[in-house]
Amino acid sequence: MNELDRRQRLFVAAMAEKLRRGGIGRRGFLRAAAAAGFGFTCARYLAGGSPPRSRLHAAEPDAVASGITGEQRRFLADMGRRFRGTRIKVVSENTPPGVSIGRMIREEFTPLTGIEVDWPIVPLDQVLARTVKDTIAGADGDKGHHDIFYWDQAWLARFAAESIGVDELLDRTDLAYPGYDFGDFLPQLVEATASHGGRTVGVPFDIPIFIMMYRKDVLDELKLSVPKTMGEYLDVVRAIDAAKRGQGIHGTTGQWKTGHFSLQCDASAWMWAHGGHHFDGENRPDYLIDGNAKGLRYMLELGRHMSPDVRGWDWDGEASSFTQGRAGIVISWSEFFPACDDPAGSRVVGLVEPADCPVEDARLAPSQCGFHETPGISRQGGSCLALSRHAPNPDAAWVFMQWATSADVTARANADGADTPIRRSSYADPRVLAKSRPVRGTTRHFEVTRRAIEGRMGTSPHLPAWVTLANEVNAAELGKLTTGRQGVEETLQAIQKKTVDFLAAAR
């Protein structure tokens, strides 16, 4: 860590503390973090609101039987004799798998090992602040205060050297959790959310991603086929809207809140689906291309078949409109799907089906994009867990981290409704398959989610300034577009100029 890097980290920690005390607002903190080289890709945090799934899965989850084997139980008991009384510390924001795993820690892990796990749920700015403080302590030759960190994928370039690499951890045969099998994690997630520079620095943990969801009853009534292309998708949206708007059902819905990151999420998916991107292969802003213009025109046409209220909705509003039966088809976050089958709040239980997103009209290769941007209509926002190189209790922490991300615990979390299928085995686990029907916490969309991850996944640019550019440039200008204050070309020209100017000023 050089002196500039050290000063930047100290600055971010100070700004996070100022935010915690109310001295600055969240937007001010985001600007400060971006200026110091720390961005965010987490949709929940960039939006400034609670995750939709925290509301959609608020009910107490069903009990899911443990599948821990006798060999695994004996291993944990052996580790207990070695580490009993150790307290390990995890820093994470509020995520569905974290909530499920927290309960399993109390019921299983700590009773078997005697290892206490301190896992407070804190805002993502505090996760960043605690991470930078520990890395500074490590640079000074001291141990950090925390063992395991939840990392936004935008931080991997800055923190890669601060974690104990997964290959190094897997070489510790004396600490190897029986049947852990790191190869069971979907490789696309390992690459996109937990790797940097050819090195695996963490373990995938969370994966919200776009899929298609449609009202089967509506399509059947109107004798419409499930759309396979972008043209067919638009035709279906138009047909539903024409036939059903008088009954309160619009063709589709969206997350178009003016100036909100959710709007940028929608726009980027449509741009990627028409041959667009944000940066070229030389890491230069590249908005003035035909693919981006086609994508935004397509988005505007979809908007003609949405509720006028959509311009005030983020993902919560979009999810609510769909579960309340106010739209016939949508492409959005897979984590919304279980809410459709929850009788406590849905009016469309058993009526919604998951499907692969339509094939993109055109799709650039990652080599044609910059900052690790990967075009794909199935936009993702995943993160990872990383074991700190400055951890006070790294061995005990690795034992816990393996258990917490093991096939059994991951499957149990998914059967609980966590909706984060990061392992191949989760898709075939009987406890997960048992929920593949219209029930609360359904998993009947998992195979669609898997195909999205494996072949259609879109990943935003991983540059530190993305947080500011996505919110204060992209979302702001897109809001002018969706409210009719400027056209497509004007919008792209404004985004291009402001992005170029911002990056030039940041040099």
# chains A, B, ... in the order shown; residues from 1 in each chain; ligands from 1

call {"tool": "residues_around", "arguments": {"residues": "range 14-17 of chain A", "least_positions_apart": "4", "cutoff": "7 Å", "atoms": "only C-alpha atoms", "output": "PyMOL selection string"}}
result
chain A and resi 10+21+29+125-126+129

call {"tool": "select_by_dssp", "arguments": {"residues": "range 352-494 of chain A", "states": "helix (DSSP H, G or I)", "output": "PyMOL selection string"}}
result
chain A and resi 366-368+394-404+407-416+424-427+430-433+446-456+466-482+488-494

call {"tool": "closest_residue", "arguments": {"among": "A:Ser383, A:Thr405, A:Gln496, A:Ser332", "to": "Asn292 in chain A", "atoms": "only C-alpha atoms"}}
result
A:Gln496

call {"tool": "atom_distance", "arguments": {"atom1": "CA of His145 in chain A", "atom2": "CA of Leu387 in chain A"}}
result
12.2 Å

call {"tool": "atom_distance", "arguments": {"atom1": "CA of Ser163 in chain A", "atom2": "CA of Gly381 in chain A"}}
result
20.9 Å

call {"tool": "residues_around", "arguments": {"residues": "Ile331 in chain A", "least_positions_apart": "3", "cutoff": "7 Å", "atoms": "only C-alpha atoms", "output": "short mmCIF file (atom, residue, chain, number, x, y, z; two decimals) with N, CA and C atoms, in the first residue's frame"}}
result
data_model
loop_
_atom_site.label_atom_id
_atom_site.label_comp_id
_atom_site.auth_asym_id
_atom_site.auth_seq_id
_atom_site.Cartn_x
_atom_site.Cartn_y
_atom_site.Cartn_z
N PHE A 210 -31.55 -10.45 -13.75
CA PHE A 210 -32.78 -10.28 -14.52
C PHE A 210 -33.22 -11.61 -15.17
N ILE A 211 -34.52 -11.91 -15.05
CA ILE A 211 -35.16 -12.98 -15.83
C ILE A 211 -36.48 -12.43 -16.37
N MET A 212 -37.17 -13.21 -17.21
CA MET A 212 -38.48 -12.81 -17.69
C MET A 212 -39.56 -13.51 -16.87
N MET A 213 -40.64 -12.78 -16.56
CA MET A 213 -41.78 -13.31 -15.83
C MET A 213 -43.05 -12.90 -16.56
#

call {"tool": "atom_distance", "arguments": {"atom1": "CA of Gly328 in chain A", "atom2": "CA of Asn474 in chain A"}}
result
27.9 Å

call {"tool": "closest_residue", "arguments": {"among": "A:Lys257, A:Gly275, A:Pro358, A:Arg440", "to": "Pro343 in chain A", "atoms": "only C-alpha atoms"}}
result
A:Arg440

call {"tool": "residues_around", "arguments": {"residues": "Val132 in chain A", "least_positions_apart": "2", "cutoff": "8 Å", "atoms": "only C-alpha atoms", "output": "list of chain:residue names"}}
result
A:Arg9, A:Leu10, A:Val12, A:Ala13, A:Leu128, A:Ala129, A:Arg130, A:Asp134, A:Thr135, A:Ile136

call {"tool": "residues_around", "arguments": {"residues": "Trp313 in chain A", "least_positions_apart": "2", "cutoff": "6 Å", "atoms": "only C-alpha atoms", "output": "short mmCIF file (atom, residue, chain, number, x, y, z; two decimals) with N, CA and C atoms, in the first residue's frame"}}
result
data_model
loop_
_atom_site.label_atom_id
_atom_site.label_comp_id
_atom_site.auth_asym_id
_atom_site.auth_seq_id
_atom_site.Cartn_x
_atom_site.Cartn_y
_atom_site.Cartn_z
N GLN A 255 -39.02 0.01 -13.57
CA GLN A 255 -38.44 0.66 -12.40
C GLN A 255 -37.83 1.98 -12.88
N TRP A 256 -38.68 2.91 -13.27
CA TRP A 256 -38.29 4.11 -14.00
C TRP A 256 -38.24 5.35 -13.11
N LYS A 257 -38.07 5.22 -11.86
CA LYS A 257 -38.04 6.39 -10.99
C LYS A 257 -36.99 7.39 -11.48
N VAL A 310 -45.19 4.62 -13.38
CA VAL A 310 -43.90 3.95 -13.40
C VAL A 310 -42.74 4.92 -13.18
N ARG A 311 -42.91 6.18 -13.52
CA ARG A 311 -41.83 7.16 -13.37
C ARG A 311 -41.58 7.52 -11.90
N GLY A 317 -41.55 -0.57 -6.31
CA GLY A 317 -42.79 -0.24 -7.00
C GLY A 317 -43.05 -1.17 -8.17
#

call {"tool": "closest_residue", "arguments": {"among": "A:Ser334, A:Ser321, A:Gln153, A:Thr374", "to": "Thr449 in chain A", "atoms": "only C-alpha atoms"}}
result
A:Ser334

call {"tool": "residues_around", "arguments": {"residues": "Ser388 in chain A", "least_positions_apart": "2", "cutoff": "7 Å", "atoms": "only C-alpha atoms", "output": "count of residues only"}}
result
9

call {"tool": "residues_around", "arguments": {"residues": "Phe261 in chain A", "least_positions_apart": "3", "cutoff": "9 Å", "atoms": "only C-alpha atoms", "output": "VMD selection string"}}
result
chain A and resid 43 46 to 47 256 to 258 264 to 266 314 470 to 471 474 to 476

call {"tool": "write_last_selection", "arguments": {"atoms": "N, CA and C atoms", "output": "mmCIF file, in the first residue's frame"}}
result
data_model
loop_
_atom_site.group_PDB
_atom_site.id
_atom_site.type_symbol
_atom_site.label_atom_id
_atom_site.label_comp_id
_atom_site.auth_asym_id
_atom_site.auth_seq_id
_atom_site.Cartn_x
_atom_site.Cartn_y
_atom_site.Cartn_z
ATOM 1 N N ALA A 43 -27.036 -2.709 -6.235
ATOM 2 C CA ALA A 43 -28.235 -1.958 -6.578
ATOM 3 C C ALA A 43 -28.980 -1.482 -5.333
ATOM 4 N N LEU A 46 -26.993 1.612 -3.872
ATOM 5 C CA LEU A 46 -27.016 2.772 -4.749
ATOM 6 C C LEU A 46 -28.397 3.418 -4.769
ATOM 7 N N ALA A 47 -29.427 2.599 -4.562
ATOM 8 C CA ALA A 47 -30.784 3.122 -4.563
ATOM 9 C C ALA A 47 -31.110 3.877 -3.287
ATOM 10 N N TRP A 256 -38.684 2.906 -13.269
ATOM 11 C CA TRP A 256 -38.293 4.111 -13.996
ATOM 12 C C TRP A 256 -38.237 5.348 -13.112
ATOM 13 N N LYS A 257 -38.068 5.222 -11.858
ATOM 14 C CA LYS A 257 -38.043 6.390 -10.986
ATOM 15 C C LYS A 257 -36.987 7.386 -11.475
ATOM 16 N N THR A 258 -37.419 8.603 -11.695
ATOM 17 C CA THR A 258 -36.549 9.615 -12.281
ATOM 18 C C THR A 258 -35.306 9.857 -11.424
ATOM 19 N N GLN A 264 -31.379 3.307 -14.369
ATOM 20 C CA GLN A 264 -30.145 2.974 -15.080
ATOM 21 C C GLN A 264 -30.041 1.461 -15.283
ATOM 22 N N CYS A 265 -30.507 0.674 -14.312
ATOM 23 C CA CYS A 265 -30.479 -0.779 -14.448
ATOM 24 C C CYS A 265 -31.306 -1.221 -15.648
ATOM 25 N N ASP A 266 -32.521 -0.678 -15.767
ATOM 26 C CA ASP A 266 -33.353 -1.026 -16.920
ATOM 27 C C ASP A 266 -32.702 -0.589 -18.226
ATOM 28 N N ASP A 314 -39.274 2.653 -8.088
ATOM 29 C CA ASP A 314 -38.005 1.933 -8.172
ATOM 30 C C ASP A 314 -38.359 0.447 -8.238
ATOM 31 N N ALA A 470 -23.222 6.343 -12.674
ATOM 32 C CA ALA A 470 -24.506 5.650 -12.802
ATOM 33 C C ALA A 470 -25.642 6.481 -12.240
ATOM 34 N N ASN A 471 -25.397 7.150 -11.111
ATOM 35 C CA ASN A 471 -26.443 7.910 -10.444
ATOM 36 C C ASN A 471 -26.570 9.332 -10.969
ATOM 37 N N ASN A 474 -25.861 9.033 -15.626
ATOM 38 C CA ASN A 474 -26.787 8.167 -16.369
ATOM 39 C C ASN A 474 -28.230 8.316 -15.900
ATOM 40 N N ALA A 475 -28.484 8.057 -14.622
ATOM 41 C CA ALA A 475 -29.865 8.068 -14.126
ATOM 42 C C ALA A 475 -30.492 9.455 -14.249
ATOM 43 N N ALA A 476 -29.693 10.491 -14.024
ATOM 44 C CA ALA A 476 -30.224 11.852 -14.124
ATOM 45 C C ALA A 476 -30.640 12.184 -15.557
#

call {"tool": "closest_atom_pairs", "arguments": {"of": "range 337-424 of chain A", "to": "range 456-465 of chain A", "cutoff": "12 Å", "atoms": "only C-alpha atoms", "output": "tab-separated table"}}
result
residue	atom	partner	partner_atom	distance
A:Asp356	CA	A:Arg456	CA	9.0
A:Cys357	CA	A:Arg456	CA	8.3
A:Pro358	CA	A:Arg456	CA	9.9
A:Val359	CA	A:Arg456	CA	8.8
A:Glu360	CA	A:Arg456	CA	9.2
A:Arg363	CA	A:Arg456	CA	10.1
A:Leu364	CA	A:Gly458	CA	10.8
A:Ala365	CA	A:Gly458	CA	10.9
A:Pro366	CA	A:Thr459	CA	9.6
A:Cys369	CA	A:Pro461	CA	8.6
A:Gly370	CA	A:Pro461	CA	6.9
A:Phe371	CA	A:Pro461	CA	5.0
A:His372	CA	A:Pro461	CA	5.6
A:Glu373	CA	A:Pro461	CA	4.3
A:Thr374	CA	A:Thr459	CA	4.9
A:Pro375	CA	A:Gly458	CA	4.7
A:Gly376	CA	A:Gly458	CA	3.9
A:Ile377	CA	A:Gly458	CA	6.0
A:Ser378	CA	A:Met457	CA	4.7
A:Arg379	CA	A:Gly458	CA	4.3
A:Gln380	CA	A:Thr459	CA	5.9
A:Gly381	CA	A:Thr459	CA	7.4
A:Gly382	CA	A:Thr459	CA	9.2
A:Ser383	CA	A:Thr459	CA	11.8
